[in-house]
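Undergrad: Below you'll find query38.csv; it's CSV, C-alpha atoms and all ligand atoms.
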```csv
chain,number,residue,atom,x,y,z
A,263,MET,CA,-12.8,-21.9,9.6
A,264,SER,CA,-10.9,-19.3,7.5
A,265,ASN,CA,-13.7,-16.8,7.9
A,266,GLU,CA,-13.4,-16.7,11.7
A,267,THR,CA,-12.3,-13.3,13.0
A,268,SER,CA,-10.2,-12.9,16.1
A,269,THR,CA,-11.9,-12.1,19.4
A,270,PHE,CA,-10.8,-8.6,20.5
A,271,PRO,CA,-8.9,-7.9,22.5
A,272,LEU,CA,-5.9,-10.1,22.2
A,273,ASN,CA,-3.4,-9.7,25.1
A,274,PHE,CA,0.0,-8.6,23.8
A,275,ALA,CA,3.1,-9.9,25.7
A,276,LEU,CA,6.3,-7.9,25.4
A,277,THR,CA,9.8,-9.2,25.2
A,278,PRO,CA,12.1,-6.1,24.9
A,279,SER,CA,15.0,-6.3,22.6
A,280,THR,CA,18.4,-6.6,24.3
A,281,SER,CA,20.1,-5.2,21.2
A,282,ALA,CA,18.0,-2.1,20.5
A,283,ARG,CA,20.0,0.6,18.7
A,284,ALA,CA,21.3,3.4,20.8
A,285,GLU,CA,20.0,6.9,20.1
A,286,ALA,CA,23.0,7.9,18.0
A,287,ALA,CA,22.8,4.9,15.7
A,288,ARG,CA,19.0,5.4,15.3
A,289,GLU,CA,19.4,9.1,14.5
A,290,GLU,CA,22.0,8.2,11.9
A,291,ILE,CA,19.5,5.9,10.2
A,292,LEU,CA,16.7,8.4,10.5
A,293,ALA,CA,18.8,11.1,8.9
A,294,ASP,CA,18.8,9.1,5.6
A,295,PRO,CA,16.4,6.2,5.9
A,296,GLY,CA,15.8,5.5,2.2
A,297,PHE,CA,12.9,3.1,1.8
A,298,GLY,CA,12.5,-0.5,3.2
A,299,LYS,CA,16.2,-0.8,4.1
A,300,HIS,CA,16.2,-0.4,7.8
A,301,PHE,CA,13.9,-1.9,10.4
A,302,THR,CA,13.0,-0.9,13.9
A,303,ASP,CA,14.1,-2.8,17.0
A,304,HIS,CA,10.8,-4.8,17.5
A,305,MET,CA,8.1,-6.6,15.6
A,306,VAL,CA,4.7,-8.0,16.4
A,307,SER,CA,3.7,-11.6,15.8
A,308,ILE,CA,0.3,-13.3,16.4
A,309,ASP,CA,-0.3,-17.0,15.8
A,310,TRP,CA,-3.4,-18.7,14.4
A,311,THR,CA,-4.2,-22.3,14.3
A,312,ILE,CA,-7.4,-24.0,13.2
A,313,GLU,CA,-7.9,-25.4,16.7
A,314,GLU,CA,-7.1,-22.3,18.8
A,315,GLY,CA,-7.9,-19.4,16.5
A,316,TRP,CA,-5.8,-16.2,17.1
A,317,HIS,CA,-3.5,-16.4,20.1
A,318,GLY,CA,0.1,-15.7,21.3
A,319,ALA,CA,0.1,-12.0,20.4
A,320,HIS,CA,3.7,-10.9,21.1
A,321,VAL,CA,5.8,-7.8,20.7
A,322,GLN,CA,9.3,-9.2,20.4
A,323,PRO,CA,12.8,-8.3,19.2
A,324,TYR,CA,13.0,-7.8,15.4
A,325,GLY,CA,14.7,-10.8,13.8
A,326,PRO,CA,14.5,-13.7,11.4
A,327,LEU,CA,11.5,-16.0,11.4
A,328,THR,CA,12.0,-19.7,11.9
A,329,LEU,CA,10.2,-21.5,9.1
A,330,ASP,CA,10.2,-25.2,8.4
A,331,PRO,CA,11.4,-25.7,4.8
A,332,ALA,CA,8.0,-27.3,4.2
A,333,ALA,CA,6.0,-24.3,5.4
A,334,SER,CA,3.1,-23.9,3.0
A,335,VAL,CA,3.8,-20.2,2.1
A,336,LEU,CA,7.2,-21.2,0.6
A,337,HIS,CA,5.5,-23.5,-1.9
A,338,TYR,CA,2.0,-22.2,-2.6
A,339,GLY,CA,2.4,-18.5,-1.9
A,340,GLN,CA,-0.5,-18.2,0.6
A,341,GLU,CA,0.4,-14.7,1.7
A,342,ILE,CA,-1.2,-11.2,2.1
A,343,PHE,CA,0.1,-7.9,3.2
A,344,GLU,CA,-0.8,-4.3,4.0
A,345,GLY,CA,1.1,-1.0,3.8
A,346,LEU,CA,0.4,2.2,5.8
A,347,LYS,CA,2.4,4.9,7.6
A,348,ALA,CA,3.0,6.5,11.0
A,349,TYR,CA,3.4,10.3,10.7
A,350,ARG,CA,5.0,12.6,13.3
A,351,HIS,CA,3.0,15.8,13.8
A,352,ALA,CA,4.6,19.1,14.7
A,353,ASP,CA,3.8,18.6,18.4
A,354,GLY,CA,5.7,15.3,18.4
A,355,SER,CA,2.5,13.1,18.5
A,356,ILE,CA,2.3,10.0,16.2
A,357,TRP,CA,-0.6,9.4,13.9
A,358,THR,CA,-1.7,7.0,11.2
A,359,PHE,CA,-4.1,7.4,8.3
A,360,ARG,CA,-7.4,5.3,8.0
A,361,PRO,CA,-6.0,2.2,9.6
A,362,GLU,CA,-9.5,0.6,9.8
A,363,ALA,CA,-9.6,0.7,6.0
A,364,ASN,CA,-6.3,-1.3,5.9
A,365,ALA,CA,-7.7,-3.7,8.5
A,366,LEU,CA,-10.8,-4.2,6.4
A,367,ARG,CA,-8.8,-4.7,3.3
A,368,LEU,CA,-6.6,-7.2,5.0
A,369,GLN,CA,-9.8,-9.1,5.9
A,370,ARG,CA,-11.0,-9.1,2.3
A,371,SER,CA,-7.6,-10.2,1.1
A,372,ALA,CA,-7.7,-13.0,3.8
A,373,ARG,CA,-11.1,-14.2,2.5
A,374,ARG,CA,-9.8,-14.4,-1.0
A,375,MET,CA,-6.6,-16.2,-0.1
A,376,ALA,CA,-8.3,-18.6,2.4
A,377,LEU,CA,-6.5,-17.1,5.4
A,378,PRO,CA,-8.1,-16.3,8.7
A,379,GLU,CA,-9.4,-12.8,9.4
A,380,LEU,CA,-7.8,-10.6,12.1
A,381,SER,CA,-10.3,-8.3,13.8
A,382,VAL,CA,-10.1,-4.5,13.0
A,383,PRO,CA,-9.3,-3.6,16.7
A,384,ASP,CA,-6.7,-6.3,17.0
A,385,PHE,CA,-5.0,-5.0,13.7
A,386,ILE,CA,-5.0,-1.4,15.0
A,387,GLU,CA,-3.8,-2.6,18.5
A,388,SER,CA,-0.9,-4.4,16.9
A,389,ILE,CA,0.2,-1.1,15.4
A,390,LYS,CA,-0.2,0.8,18.7
A,391,GLN,CA,1.7,-1.9,20.5
A,392,LEU,CA,4.7,-1.6,18.1
A,393,ILE,CA,4.6,2.2,18.3
A,394,ALA,CA,4.6,2.0,22.1
A,395,VAL,CA,8.1,0.4,22.0
A,396,ASP,CA,9.5,1.8,18.7
A,397,GLY,CA,7.8,5.2,18.5
A,398,LYS,CA,11.2,6.9,18.5
A,399,TRP,CA,11.7,5.4,15.0
A,400,VAL,CA,9.1,7.7,13.6
A,401,PRO,CA,11.2,10.4,11.8
A,402,SER,CA,10.3,14.1,12.0
A,403,ALA,CA,11.8,15.6,8.9
A,404,PRO,CA,9.3,16.9,6.3
A,405,GLU,CA,7.6,14.1,4.3
A,406,THR,CA,9.2,11.3,6.2
A,407,SER,CA,7.3,8.6,8.0
A,408,LEU,CA,7.6,5.1,9.6
A,409,TYR,CA,6.3,2.7,7.0
A,410,LEU,CA,4.2,-0.1,8.6
A,411,ARG,CA,4.1,-3.5,6.9
A,412,PRO,CA,1.5,-5.9,8.4
A,413,PHE,CA,1.5,-9.3,6.6
A,414,MET,CA,0.1,-12.8,7.1
A,415,ILE,CA,1.6,-16.1,5.9
A,416,ALA,CA,0.6,-19.8,5.9
A,417,ASN,CA,3.2,-21.5,8.0
A,418,GLU,CA,1.9,-25.0,8.4
A,419,THR,CA,4.5,-27.7,7.8
A,420,PHE,CA,2.6,-29.6,5.1
A,421,LEU,CA,3.0,-30.0,1.4
A,422,GLY,CA,-0.6,-31.0,0.7
A,423,VAL,CA,-2.5,-28.4,-1.3
A,424,ARG,CA,-5.2,-26.8,0.9
A,425,ALA,CA,-5.7,-23.8,3.0
A,426,ALA,CA,-3.2,-23.9,5.8
A,427,HIS,CA,-4.2,-24.8,9.4
A,428,LYS,CA,-1.4,-22.7,10.9
A,429,VAL,CA,-0.9,-19.1,10.0
A,430,GLY,CA,1.2,-16.2,11.3
A,431,TYR,CA,0.4,-12.5,11.3
A,432,TYR,CA,3.4,-10.1,11.6
A,433,LEU,CA,4.0,-6.4,11.7
A,434,ILE,CA,7.3,-4.9,10.9
A,435,ALA,CA,8.2,-1.2,10.5
A,436,SER,CA,10.7,0.7,8.4
A,437,PRO,CA,11.6,4.4,8.5
A,438,ALA,CA,11.0,6.0,5.1
A,439,GLY,CA,12.6,9.1,3.7
A,440,ALA,CA,10.8,11.7,1.6
A,441,TYR,CA,9.8,9.8,-1.6
A,442,PHE,CA,10.7,12.8,-3.8
A,443,ALA,CA,13.7,14.1,-2.0
A,444,GLN,CA,14.6,16.4,-4.9
A,445,GLY,CA,11.0,17.7,-5.3
A,446,VAL,CA,8.1,16.0,-6.9
A,447,ALA,CA,9.1,15.0,-10.4
A,448,PRO,CA,6.9,13.4,-13.1
A,449,VAL,CA,7.8,9.7,-13.9
A,450,LYS,CA,7.8,7.7,-17.1
A,451,ILE,CA,5.6,4.6,-17.2
A,452,TRP,CA,6.0,1.5,-19.4
A,453,LEU,CA,2.9,0.1,-21.1
A,454,THR,CA,3.1,-3.7,-21.2
A,455,THR,CA,1.0,-5.3,-23.9
A,456,GLU,CA,2.3,-8.8,-23.3
A,457,TYR,CA,1.7,-9.3,-19.6
A,458,SER,CA,-1.4,-9.0,-17.4
A,459,ARG,CA,-1.5,-8.4,-13.6
A,460,ALA,CA,-4.8,-9.9,-12.9
A,461,GLY,CA,-7.7,-11.7,-14.5
A,462,LYS,CA,-11.4,-12.2,-13.9
A,463,GLY,CA,-12.0,-14.3,-10.8
A,464,GLY,CA,-8.3,-14.0,-9.9
A,465,THR,CA,-6.6,-12.2,-7.0
A,466,GLY,CA,-6.3,-8.7,-8.5
A,467,SER,CA,-8.2,-7.0,-5.7
A,468,ALA,CA,-6.4,-8.9,-3.0
A,469,LYS,CA,-3.2,-7.4,-1.6
A,470,CYS,CA,-1.1,-10.5,-2.0
A,471,GLY,CA,2.6,-11.1,-2.8
A,472,GLY,CA,1.6,-13.3,-5.8
A,473,ASN,CA,0.3,-10.3,-7.7
A,474,TYR,CA,3.6,-8.6,-7.2
A,475,ALA,CA,5.6,-11.7,-8.2
A,476,SER,CA,3.7,-11.9,-11.4
A,477,SER,CA,4.2,-8.3,-12.2
A,478,LEU,CA,8.0,-8.4,-11.9
A,479,THR,CA,8.9,-9.5,-15.4
A,480,ALA,CA,7.0,-6.5,-16.8
A,481,GLN,CA,8.7,-4.4,-14.2
A,482,VAL,CA,12.1,-5.5,-15.5
A,483,GLU,CA,11.0,-4.6,-19.0
A,484,ALA,CA,10.0,-1.2,-17.6
A,485,TYR,CA,13.4,-0.6,-16.1
A,486,GLU,CA,15.1,-1.7,-19.3
A,487,ASN,CA,13.1,1.0,-21.0
A,488,GLY,CA,14.0,3.7,-18.5
A,489,CYS,CA,10.6,3.6,-16.8
A,490,ALA,CA,9.8,3.7,-13.1
A,491,GLN,CA,6.7,1.5,-13.3
A,492,VAL,CA,4.4,-0.6,-15.5
A,493,LEU,CA,0.9,0.1,-16.6
A,494,PHE,CA,-1.3,-3.0,-17.0
A,495,LEU,CA,-4.4,-3.2,-19.2
A,496,ASP,CA,-7.3,-5.6,-18.6
A,497,SER,CA,-6.3,-9.2,-19.4
A,498,GLU,CA,-9.4,-9.9,-21.5
A,499,THR,CA,-9.4,-7.2,-24.2
A,500,HIS,CA,-6.0,-5.5,-23.6
A,501,THR,CA,-7.8,-2.2,-24.3
A,502,ASN,CA,-8.7,-0.8,-20.9
A,503,VAL,CA,-6.5,0.9,-18.3
A,504,GLU,CA,-6.3,-1.0,-15.0
A,505,GLU,CA,-3.5,0.2,-12.8
A,506,LEU,CA,0.3,0.2,-12.2
A,507,GLY,CA,2.1,-2.7,-10.5
A,508,GLY,CA,1.4,-1.0,-7.1
A,509,MET,CA,-0.5,2.2,-7.7
A,510,ASN,CA,-3.9,3.3,-9.0
A,511,VAL,CA,-4.2,5.8,-11.9
A,512,PHE,CA,-6.1,9.1,-12.3
A,513,PHE,CA,-6.7,11.4,-15.3
A,514,VAL,CA,-7.6,15.1,-15.1
A,515,ARG,CA,-9.6,16.3,-18.0
A,516,LYS,CA,-9.7,19.8,-19.5
A,517,ASP,CA,-13.4,20.1,-18.6
A,518,GLY,CA,-12.4,19.7,-15.0
A,519,LYS,CA,-13.6,16.1,-14.6
A,520,ILE,CA,-11.4,13.6,-12.8
A,521,VAL,CA,-11.5,10.1,-14.2
A,522,THR,CA,-10.2,6.8,-12.7
A,523,PRO,CA,-10.8,3.2,-13.7
A,524,LYS,CA,-13.8,1.7,-11.9
A,525,LEU,CA,-13.2,-1.2,-9.5
A,526,THR,CA,-14.0,-4.4,-11.3
A,527,GLY,CA,-12.4,-7.0,-9.1
A,528,THR,CA,-9.1,-7.0,-11.0
A,529,ILE,CA,-7.9,-3.6,-9.6
A,530,LEU,CA,-6.6,-3.1,-6.0
A,531,GLU,CA,-8.9,-0.9,-4.0
A,532,GLY,CA,-6.4,1.7,-3.0
A,533,ILE,CA,-7.1,3.7,0.1
A,534,THR,CA,-5.2,6.7,-1.4
A,535,ARG,CA,-7.5,6.3,-4.5
A,536,GLU,CA,-10.6,6.5,-2.4
A,537,SER,CA,-9.3,9.4,-0.3
A,538,ILE,CA,-8.5,11.4,-3.5
A,539,ILE,CA,-12.0,10.8,-4.9
A,540,THR,CA,-13.4,12.1,-1.6
A,541,LEU,CA,-11.1,15.2,-1.6
A,542,ALA,CA,-11.9,16.0,-5.2
A,543,LYS,CA,-15.7,15.7,-4.6
A,544,ASP,CA,-15.3,18.0,-1.6
A,545,ARG,CA,-13.9,20.6,-4.0
A,546,GLY,CA,-17.0,20.3,-6.1
A,547,LEU,CA,-15.1,18.4,-8.9
A,548,GLU,CA,-16.9,15.7,-10.8
A,549,VAL,CA,-15.3,12.3,-10.4
A,550,GLU,CA,-16.0,9.5,-12.9
A,551,GLU,CA,-15.2,5.9,-12.0
A,552,ARG,CA,-15.6,4.1,-15.3
A,553,THR,CA,-13.9,2.1,-18.0
A,554,VAL,CA,-10.9,4.0,-19.4
A,555,PRO,CA,-9.8,2.8,-22.8
A,556,ILE,CA,-6.1,3.2,-23.4
A,557,SER,CA,-7.1,5.0,-26.6
A,558,GLU,CA,-8.6,7.7,-24.4
A,559,TRP,CA,-5.3,8.3,-22.7
A,560,LYS,CA,-3.4,8.4,-26.1
A,561,GLU,CA,-5.9,10.6,-27.9
A,562,GLY,CA,-6.8,12.7,-24.9
A,563,VAL,CA,-3.2,13.8,-24.2
A,564,ALA,CA,-2.6,14.4,-27.9
A,565,SER,CA,-5.7,16.6,-28.2
A,566,GLY,CA,-5.3,18.3,-24.9
A,567,GLN,CA,-8.5,16.9,-23.5
A,568,ILE,CA,-6.5,15.2,-20.8
A,569,THR,CA,-4.3,17.7,-19.0
A,570,GLU,CA,-2.8,15.7,-16.1
A,571,VAL,CA,-2.2,12.0,-15.3
A,572,PHE,CA,-1.1,10.8,-12.0
A,573,ALA,CA,-0.6,7.6,-10.0
A,574,CYS,CA,-1.4,7.2,-6.3
A,575,GLY,CA,-0.6,4.8,-3.4
A,576,THR,CA,0.6,5.0,0.2
A,577,ALA,CA,4.3,4.9,-0.5
A,578,ALA,CA,4.6,7.9,-2.9
A,579,VAL,CA,1.1,9.4,-2.1
A,580,ILE,CA,0.7,11.0,-5.6
A,581,THR,CA,3.2,10.7,-8.4
A,582,PRO,CA,2.7,12.7,-11.6
A,583,ILE,CA,3.0,10.7,-14.8
A,584,GLY,CA,4.9,12.6,-17.4
A,585,GLN,CA,5.0,10.1,-20.2
A,586,LEU,CA,3.7,6.7,-21.2
A,587,ILE,CA,5.9,4.8,-23.5
A,588,GLY,CA,5.6,1.3,-25.0
A,589,ALA,CA,6.5,-1.1,-27.8
A,590,ASN,CA,6.6,0.2,-31.4
A,591,GLY,CA,7.7,3.7,-30.4
A,592,LEU,CA,4.6,4.5,-28.4
A,593,ALA,CA,5.2,7.8,-26.6
A,594,VAL,CA,2.3,9.7,-25.0
A,595,GLY,CA,2.9,13.0,-23.2
A,596,ASN,CA,5.9,15.2,-22.6
A,597,PRO,CA,8.4,13.8,-20.1
A,598,ASP,CA,9.8,17.3,-19.4
A,599,ALA,CA,6.5,19.0,-18.6
A,600,PRO,CA,6.2,20.0,-14.9
A,601,ALA,CA,3.8,18.2,-12.6
A,602,GLY,CA,0.1,19.2,-13.1
A,603,GLU,CA,-1.5,21.9,-10.9
A,604,LEU,CA,-4.4,19.8,-9.6
A,605,THR,CA,-2.1,16.8,-9.1
A,606,MET,CA,0.1,18.8,-6.9
A,607,SER,CA,-2.7,20.6,-5.1
A,608,LEU,CA,-4.4,17.3,-4.2
A,609,ARG,CA,-1.0,15.9,-3.1
A,610,LYS,CA,-0.5,18.8,-0.8
A,611,GLU,CA,-4.0,18.6,0.7
A,612,LEU,CA,-3.7,14.9,1.4
A,613,THR,CA,-0.2,15.2,2.9
A,614,ASP,CA,-1.3,18.2,4.9
A,615,ILE,CA,-4.1,16.2,6.5
A,616,GLN,CA,-1.7,13.2,7.2
A,617,TYR,CA,0.9,15.5,8.8
A,618,GLY,CA,-1.7,17.4,10.8
A,619,ARG,CA,-1.3,20.7,9.0
A,620,LEU,CA,-4.9,20.8,7.9
A,621,PRO,CA,-8.0,19.9,9.9
A,622,ASP,CA,-9.0,16.2,9.7
A,623,ARG,CA,-12.6,16.8,8.6
A,624,HIS,CA,-13.3,13.2,7.6
A,625,GLY,CA,-12.0,11.6,10.8
A,626,TRP,CA,-9.3,9.8,8.9
A,627,MET,CA,-6.4,10.2,11.4
A,628,VAL,CA,-5.9,7.9,14.4
A,629,LYS,CA,-3.5,8.7,17.2
A,630,LEU,CA,-1.0,5.9,17.9
A,631,ASP,CA,0.9,7.1,20.9
A,632,ALA,CA,-0.5,7.3,24.4
B,1,LIG,C1,-1.3,-1.3,-2.3
B,1,LIG,C2,-1.6,-1.1,-3.7
B,1,LIG,C3,-2.1,0.1,-4.3
B,1,LIG,C4,-2.3,1.3,-3.5
B,1,LIG,O1,-3.1,1.2,-2.3
B,1,LIG,P1,-3.1,2.2,-1.2
B,1,LIG,O2,-4.1,1.7,-0.2
B,1,LIG,O3,-3.5,3.5,-1.7
B,1,LIG,O4,-1.7,2.3,-0.6
B,1,LIG,C5,-2.5,0.1,-5.6
B,1,LIG,N1,-2.3,-1.0,-6.4
B,1,LIG,C6,-1.8,-2.1,-5.9
B,1,LIG,C7,-1.6,-3.3,-6.8
B,1,LIG,C8,-1.4,-2.3,-4.6
B,1,LIG,O5,-0.9,-3.4,-4.1
```
Can you dump the structure from the file as structure tokens?

TA:
Amino acid sequence: MSNETSTFPLNFALTPSTSARAEAAREEILADPGFGKHFTDHMVSIDWTIEEGWHGAHVQPYGPLTLDPAASVLHYGQEIFEGLKAYRHADGSIWTFRPEANALRLQRSARRMALPELSVPDFIESIKQLIAVDGKWVPSAPETSLYLRPFMIANETFLGVRAAHKVGYYLIASPAGAYFAQGVAPVKIWLTTEYSRAGKGGTGSAKCGGNYASSLTAQVEAYENGCAQVLFLDSETHTNVEELGGMNVFFVRKDGKIVTPKLTGTILEGITRESIITLAKDRGLEVEERTVPISEWKEGVASGQITEVFACGTAAVITPIGQLIGANGLAVGNPDAPAGELTMSLRKELTDIQYGRLPDRHGWMVKLDA
């Protein structure tokens, strides 16, 4: 039932928006889009029922969903999502980065959350269909993009507790400005010792809203302490580094090795993380995926064995971490130090590939416009 994939290809119907923004209004938004505030004129929806499987693929005007107050997602949180970007290259063409990896991760998340799996080609086609009508919403200024947010919700009208028999897949898109408009600046991170993001056998490696909901109290604590994000340790021993609320973490050692926590089922398998590992290995650097005790971070920075720390994810690509702070006056690193050299060079290489300024030697880029 829930493991059934869709049968490619679905046929997409199109209902054009009658209230699409005029060029001037769109350009005004694209001049200063921020993040996640503005949405394009259309969205994709695909229905799934236990009887019919995937059907009713539709590109339709962007607008509110009609949900019954008893829709299961509102009560039991059966929801998953993805995040990727559409990039405009210098010749005007529109591309995305490793969408099949997002499609496969959405399938893994679906399996964990007892949701149906959408096929990889249907997932990619949903993006191409949206770009076909809303491609003008992909901005062209440096480091800007159109953020794509596919998601899936249980929308059966039923308060019983079981995997829903009715599900919706949606795709919305939001223009995104340069994440670091004033130049890439190191951030401060809050170490939470009270809260955990994920536990053994839990949903840590699924990209689901519930993981974010449970991270928000710690995120509030981070803001109160002047930090941009939270670092979570493993829930069992509270001694090993896992990840931030929405980004993976890397360490650069003085001996040239790059270290990142290994995937244990409680860490989200970031596509940026995997791409950075590949790019680093291409450069001949040694990459270790292993357990990283928090003591190694503290002592390594103090002794100079760790020279750079950074976080990574689709939204910000690579964010240098300047300082880790926490309870009892914990302060690791210098908040005023500039971003690390390797951090910035990997960031440049990855964004150069994404924006078509470097050859795509791994076949990561997929063209979205016709
Ligand atoms: C999405 C996400 C990431 C980053 O994944 P990317 O594929 O690189 O964008 C890291 N951690 C969590 C918890 C996430 O949800």

Undergrad: Do you know which residues are within 6 Å of ligand LIG 1 (chain B) using only C-alpha atoms and all ligand atoms? Can you write them as an NGL selection string?

TA: :A and (469 or 507-510 or 530 or 532-535 or 575-576)

Undergrad: Got a sec to check which residues sit within 6 Å of (-4.8, 7.5, 10.7), counting only C-alpha atoms, and write them as a PDB file with C-alpha atoms, in the frame of the given file?

TA:
```pdb
ATOM      1  CA  TRP A 357      -0.600   9.400  13.900  1.00  0.00           C
ATOM      2  CA  THR A 358      -1.700   7.000  11.200  1.00  0.00           C
ATOM      3  CA  PHE A 359      -4.100   7.400   8.300  1.00  0.00           C
ATOM      4  CA  ARG A 360      -7.400   5.300   8.000  1.00  0.00           C
ATOM      5  CA  PRO A 361      -6.000   2.200   9.600  1.00  0.00           C
ATOM      6  CA  TRP A 626      -9.300   9.800   8.900  1.00  0.00           C
ATOM      7  CA  MET A 627      -6.400  10.200  11.400  1.00  0.00           C
ATOM      8  CA  VAL A 628      -5.900   7.900  14.400  1.00  0.00           C
TER       9      VAL A 628
END
```

Undergrad: Tell me which of A:His624, A:His317, A:Arg367, A:Arg552 sits closest to Gly430 of chain A, counting all atoms listed in the file.

TA: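 Of A:His624, A:His317, A:Arg367, A:Arg552, the one nearest Gly430 of chain A is A:His317, counting all atoms listed in the file.
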
Undergrad: What is the atom CA of Pro597 of chain A to atom CA of Asp517 of chain A distance in Å?

TA: 22.7 Å

Undergrad: When you count only C-alpha atoms, which of these residues is closest to Met375 of chain A: A:Pro326, A:Asn473, A:Asp353, A:Ser436?

TA: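 Looking only at the distances to Met375 of chain A, the closest residue turns out to be A:Asn473.
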
Undergrad: Kindly extract all protein, DNA and RNA residues lying within 8 Å of the coordinates (1.3, -13.8, 1.9) given in the file, considering all atoms listed in the file, and supply them as a PyMOL selection string.

TA: chain A and resi 335+339-343+413-416+470-472

Undergrad: Between A:Arg459, A:Ile583, A:Ala363, A:Arg411, which residue has the minimum interatomic distance to Gly345 of chain A, considering all atoms listed in the file?

TA: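 Distance minimum relative to Gly345 of chain A lands on A:Arg411.
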
Undergrad: If we count only C-alpha atoms, what is near Ser557 of chain A at a cut-off of 12 Å, once residues fewer than 3 positions away on the same chain are taken out, given as a PyMOL selection string?

TA: chain A and resi 495+500-503+553-554+560-565+568+592+594

Undergrad: Would you put the residues from that selection into a file with C-alpha atoms, as a short mmCIF file (atom, residue, chain, number, x, y, z; two decimals), in the coordinates of the input?

TA:
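out32.cif was written with the following content:
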```
data_model
loop_
_atom_site.label_atom_id
_atom_site.label_comp_id
_atom_site.auth_asym_id
_atom_site.auth_seq_id
_atom_site.Cartn_x
_atom_site.Cartn_y
_atom_site.Cartn_z
CA LEU A 495 -4.40 -3.20 -19.20
CA HIS A 500 -6.00 -5.50 -23.60
CA THR A 501 -7.80 -2.20 -24.30
CA ASN A 502 -8.70 -0.80 -20.90
CA VAL A 503 -6.50 0.90 -18.30
CA THR A 553 -13.90 2.10 -18.00
CA VAL A 554 -10.90 4.00 -19.40
CA LYS A 560 -3.40 8.40 -26.10
CA GLU A 561 -5.90 10.60 -27.90
CA GLY A 562 -6.80 12.70 -24.90
CA VAL A 563 -3.20 13.80 -24.20
CA ALA A 564 -2.60 14.40 -27.90
CA SER A 565 -5.70 16.60 -28.20
CA ILE A 568 -6.50 15.20 -20.80
CA LEU A 592 4.60 4.50 -28.40
CA VAL A 594 2.30 9.70 -25.00
#
```

Undergrad: Rounded to one decimal place, report the atom CA of Tyr432 of chain A-atom CA of Pro412 of chain A distance in Å.

TA: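 Atom-to-atom, atom CA of Tyr432 of chain A and atom CA of Pro412 of chain A are spaced 5.6 Å apart.
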
Undergrad: Give the answer as one residue: which of A:Pro437, A:Gly445, A:Gly584, A:Gly466 has the shortest atom-to-atom distance to Glu290 of chain A, using all atoms listed in the file?

TA: A:Pro437

Undergrad: Could you state the separation of atom CA of Ala599 of chain A and atom CA of Ile615 of chain A in Å, given to one decimal place?

TA: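 Atom CA of Ala599 of chain A sits 27.4 Å away from atom CA of Ile615 of chain A.
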
Undergrad: Using only C-alpha atoms, which protein or nucleic acid residues come within 12 Å of Ala426 of chain A? Drop anything in the same chain fewer than 5 positions from it, and give the result as a PDB file with C-alpha atoms, keeping the file's coordinate frame.

TA:
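To be explicit, this is the file written out as around-v2.pdb:
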```
ATOM      1  CA  MET A 263     -12.800 -21.900   9.600  1.00  0.00           C
ATOM      2  CA  SER A 264     -10.900 -19.300   7.500  1.00  0.00           C
ATOM      3  CA  TRP A 310      -3.400 -18.700  14.400  1.00  0.00           C
ATOM      4  CA  THR A 311      -4.200 -22.300  14.300  1.00  0.00           C
ATOM      5  CA  ILE A 312      -7.400 -24.000  13.200  1.00  0.00           C
ATOM      6  CA  GLU A 313      -7.900 -25.400  16.700  1.00  0.00           C
ATOM      7  CA  ALA A 332       8.000 -27.300   4.200  1.00  0.00           C
ATOM      8  CA  ALA A 333       6.000 -24.300   5.400  1.00  0.00           C
ATOM      9  CA  SER A 334       3.100 -23.900   3.000  1.00  0.00           C
ATOM     10  CA  VAL A 335       3.800 -20.200   2.100  1.00  0.00           C
ATOM     11  CA  LEU A 336       7.200 -21.200   0.600  1.00  0.00           C
ATOM     12  CA  HIS A 337       5.500 -23.500  -1.900  1.00  0.00           C
ATOM     13  CA  TYR A 338       2.000 -22.200  -2.600  1.00  0.00           C
ATOM     14  CA  GLY A 339       2.400 -18.500  -1.900  1.00  0.00           C
ATOM     15  CA  GLN A 340      -0.500 -18.200   0.600  1.00  0.00           C
ATOM     16  CA  GLU A 341       0.400 -14.700   1.700  1.00  0.00           C
ATOM     17  CA  ALA A 372      -7.700 -13.000   3.800  1.00  0.00           C
ATOM     18  CA  MET A 375      -6.600 -16.200  -0.100  1.00  0.00           C
ATOM     19  CA  ALA A 376      -8.300 -18.600   2.400  1.00  0.00           C
ATOM     20  CA  LEU A 377      -6.500 -17.100   5.400  1.00  0.00           C
ATOM     21  CA  PRO A 378      -8.100 -16.300   8.700  1.00  0.00           C
ATOM     22  CA  MET A 414       0.100 -12.800   7.100  1.00  0.00           C
ATOM     23  CA  ILE A 415       1.600 -16.100   5.900  1.00  0.00           C
ATOM     24  CA  ALA A 416       0.600 -19.800   5.900  1.00  0.00           C
ATOM     25  CA  ASN A 417       3.200 -21.500   8.000  1.00  0.00           C
ATOM     26  CA  GLU A 418       1.900 -25.000   8.400  1.00  0.00           C
ATOM     27  CA  THR A 419       4.500 -27.700   7.800  1.00  0.00           C
ATOM     28  CA  PHE A 420       2.600 -29.600   5.100  1.00  0.00           C
ATOM     29  CA  LEU A 421       3.000 -30.000   1.400  1.00  0.00           C
TER      30      LEU A 421
END
```
